[in-house]
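Note sheet for the following structure.
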Amino acid sequence: VIEHSVTVIGTDYLESIPAFNSGDCSVIEGDEFAAEHYQNGERVCVISDELAELNGLKVGDTLPLKVYMSDYDYEKLLTMTYITHYDPLAGFAEEGEWQIIGIYHSDYEVNGDYDIHPNTVFLPNQSLTKTYKPTYDAKYPDICLSYILPEGGWNAFEQEATSLGYAGWF
């Protein structure tokens, strides 16, 4: 199962993923998610160009997924390390097909902190019927959350973060 798995990341806003927000990663074919995809929980996804090429996939094709929970931890350098396990007693949490609406490109070998491995598939959170809650390293409890700031909101955010003792974290 592990050898035939992809990482699935559910999102409510693709641009909140740092690599997409910074422009290091972008949809090069097809479309990004529209508001109705998120709101209606449509079974659509965005995959990497490398995953598409290696598997003969294109925009409009469907991608069959059998979803199971896989925790991850952050190492000392804040790089994501996946715990590669599949619990056959728990089985798959859900199964289905997601239509590929977009294909993204990321130079994951050169993007540093914002790297996205090409084995990563993005889909709307609402398209999953269950809620998946990963466990976090106690030292970095909220490290994988992303926040959307309003236009010009950086200064206020930085001041509040500094006042709460998070100076230099961002």
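Quick note on naming: the chains in the structure tokens go A, B, ... in the order shown, residues restart at 1 in each chain, and ligands are numbered from 1 in order of appearance.
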Pick out the residues sitting within 6 Å of region 25-35 of chain A, and hand them over as an MDAnalysis selection string; count only C-alpha atoms, and ignore anything fewer than 4 positions along from it in its own chain.
chainID A and resid 19:20 101:106
The selected residues should be written to file as a PDB file, in the first residue's frame (atoms: N, CA, C and O atoms).
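Result saved to again24.pdb:
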```
ATOM      1  N   ALA A  19       4.067  27.392  -0.979  1.00  0.00           N
ATOM      2  CA  ALA A  19       4.691  27.302  -2.307  1.00  0.00           C
ATOM      3  C   ALA A  19       3.816  27.942  -3.382  1.00  0.00           C
ATOM      4  O   ALA A  19       4.328  28.567  -4.315  1.00  0.00           O
ATOM      5  N   PHE A  20       2.499  27.815  -3.275  1.00  0.00           N
ATOM      6  CA  PHE A  20       1.604  28.450  -4.240  1.00  0.00           C
ATOM      7  C   PHE A  20       1.551  29.951  -4.000  1.00  0.00           C
ATOM      8  O   PHE A  20       1.524  30.746  -4.929  1.00  0.00           O
ATOM      9  N   ILE A 101      -8.597  18.602 -12.290  1.00  0.00           N
ATOM     10  CA  ILE A 101      -8.968  19.857 -12.953  1.00  0.00           C
ATOM     11  C   ILE A 101      -7.747  20.724 -13.240  1.00  0.00           C
ATOM     12  O   ILE A 101      -7.837  21.683 -14.002  1.00  0.00           O
ATOM     13  N   GLY A 102      -6.607  20.400 -12.590  1.00  0.00           N
ATOM     14  CA  GLY A 102      -5.418  21.203 -12.806  1.00  0.00           C
ATOM     15  C   GLY A 102      -4.150  20.403 -12.586  1.00  0.00           C
ATOM     16  O   GLY A 102      -4.142  19.407 -11.865  1.00  0.00           O
ATOM     17  N   ILE A 103      -3.092  20.865 -13.237  1.00  0.00           N
ATOM     18  CA  ILE A 103      -1.781  20.243 -13.086  1.00  0.00           C
ATOM     19  C   ILE A 103      -0.803  21.345 -12.697  1.00  0.00           C
ATOM     20  O   ILE A 103      -0.737  22.393 -13.365  1.00  0.00           O
ATOM     21  N   TYR A 104      -0.065  21.112 -11.611  1.00  0.00           N
ATOM     22  CA  TYR A 104       0.876  22.121 -11.123  1.00  0.00           C
ATOM     23  C   TYR A 104       2.311  21.696 -11.392  1.00  0.00           C
ATOM     24  O   TYR A 104       2.606  20.528 -11.629  1.00  0.00           O
ATOM     25  N   HIS A 105       3.198  22.688 -11.344  1.00  0.00           N
ATOM     26  CA  HIS A 105       4.635  22.430 -11.461  1.00  0.00           C
ATOM     27  C   HIS A 105       5.342  23.059 -10.270  1.00  0.00           C
ATOM     28  O   HIS A 105       5.022  24.167  -9.860  1.00  0.00           O
ATOM     29  N   SER A 106       6.285  22.308  -9.717  1.00  0.00           N
ATOM     30  CA  SER A 106       7.115  22.816  -8.624  1.00  0.00           C
ATOM     31  C   SER A 106       8.515  22.257  -8.796  1.00  0.00           C
ATOM     32  O   SER A 106       8.689  21.068  -9.026  1.00  0.00           O
TER      33      SER A 106
END
```
Quick one: residues within 7 Å of Arg43 (chain A), only C-alpha atoms counted, chain neighbours fewer than 6 positions away excluded, as a PDB file with all heavy atoms, in the first residue's frame?
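Printed below is around-v6.pdb as written:
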```pdb
ATOM      1  N   GLU A  97     -13.365   8.611  -6.476  1.00  0.00           N
ATOM      2  CA  GLU A  97     -12.628   9.147  -7.603  1.00  0.00           C
ATOM      3  C   GLU A  97     -12.735  10.664  -7.584  1.00  0.00           C
ATOM      4  O   GLU A  97     -13.800  11.217  -7.343  1.00  0.00           O
ATOM      5  CB  GLU A  97     -13.183   8.605  -8.919  1.00  0.00           C
ATOM      6  CG  GLU A  97     -12.890   7.134  -9.111  1.00  0.00           C
ATOM      7  CD  GLU A  97     -13.248   6.642 -10.504  1.00  0.00           C
ATOM      8  OE1 GLU A  97     -13.930   7.373 -11.264  1.00  0.00           O
ATOM      9  OE2 GLU A  97     -12.825   5.522 -10.843  1.00  0.00           O
ATOM     10  N   TRP A  98     -11.603  11.310  -7.847  1.00  0.00           N
ATOM     11  CA  TRP A  98     -11.528  12.757  -7.923  1.00  0.00           C
ATOM     12  C   TRP A  98     -11.131  13.120  -9.347  1.00  0.00           C
ATOM     13  O   TRP A  98     -10.207  12.524  -9.918  1.00  0.00           O
ATOM     14  CB  TRP A  98     -10.496  13.297  -6.936  1.00  0.00           C
ATOM     15  CG  TRP A  98     -10.996  13.450  -5.540  1.00  0.00           C
ATOM     16  CD1 TRP A  98     -11.345  14.624  -4.937  1.00  0.00           C
ATOM     17  CD2 TRP A  98     -11.208  12.430  -4.557  1.00  0.00           C
ATOM     18  NE1 TRP A  98     -11.760  14.390  -3.645  1.00  0.00           N
ATOM     19  CE2 TRP A  98     -11.687  13.045  -3.386  1.00  0.00           C
ATOM     20  CE3 TRP A  98     -11.045  11.046  -4.548  1.00  0.00           C
ATOM     21  CZ2 TRP A  98     -11.998  12.349  -2.237  1.00  0.00           C
ATOM     22  CZ3 TRP A  98     -11.362  10.339  -3.400  1.00  0.00           C
ATOM     23  CH2 TRP A  98     -11.833  10.989  -2.254  1.00  0.00           C
ATOM     24  N   GLN A  99     -11.817  14.096  -9.937  1.00  0.00           N
ATOM     25  CA  GLN A  99     -11.493  14.524 -11.294  1.00  0.00           C
ATOM     26  C   GLN A  99     -10.332  15.509 -11.252  1.00  0.00           C
ATOM     27  O   GLN A  99     -10.325  16.453 -10.448  1.00  0.00           O
ATOM     28  CB  GLN A  99     -12.692  15.180 -11.970  1.00  0.00           C
ATOM     29  CG  GLN A  99     -12.402  15.576 -13.408  1.00  0.00           C
ATOM     30  CD  GLN A  99     -13.578  16.213 -14.093  1.00  0.00           C
ATOM     31  OE1 GLN A  99     -14.425  16.827 -13.465  1.00  0.00           O
ATOM     32  NE2 GLN A  99     -13.623  16.076 -15.410  1.00  0.00           N
ATOM     33  N   SER A 127     -14.327  17.750   0.148  1.00  0.00           N
ATOM     34  CA  SER A 127     -14.541  16.579  -0.704  1.00  0.00           C
ATOM     35  C   SER A 127     -14.276  15.280   0.048  1.00  0.00           C
ATOM     36  O   SER A 127     -14.614  14.201  -0.438  1.00  0.00           O
ATOM     37  CB  SER A 127     -13.671  16.649  -1.960  1.00  0.00           C
ATOM     38  OG  SER A 127     -12.305  16.448  -1.664  1.00  0.00           O
TER      39      SER A 127
END
```
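Proximity ranking of A:Gly41, A:Pro118, A:Gly23, A:Gly168 relative to Gly10 (chain A) places A:Gly41 first, based on only C-alpha atoms.
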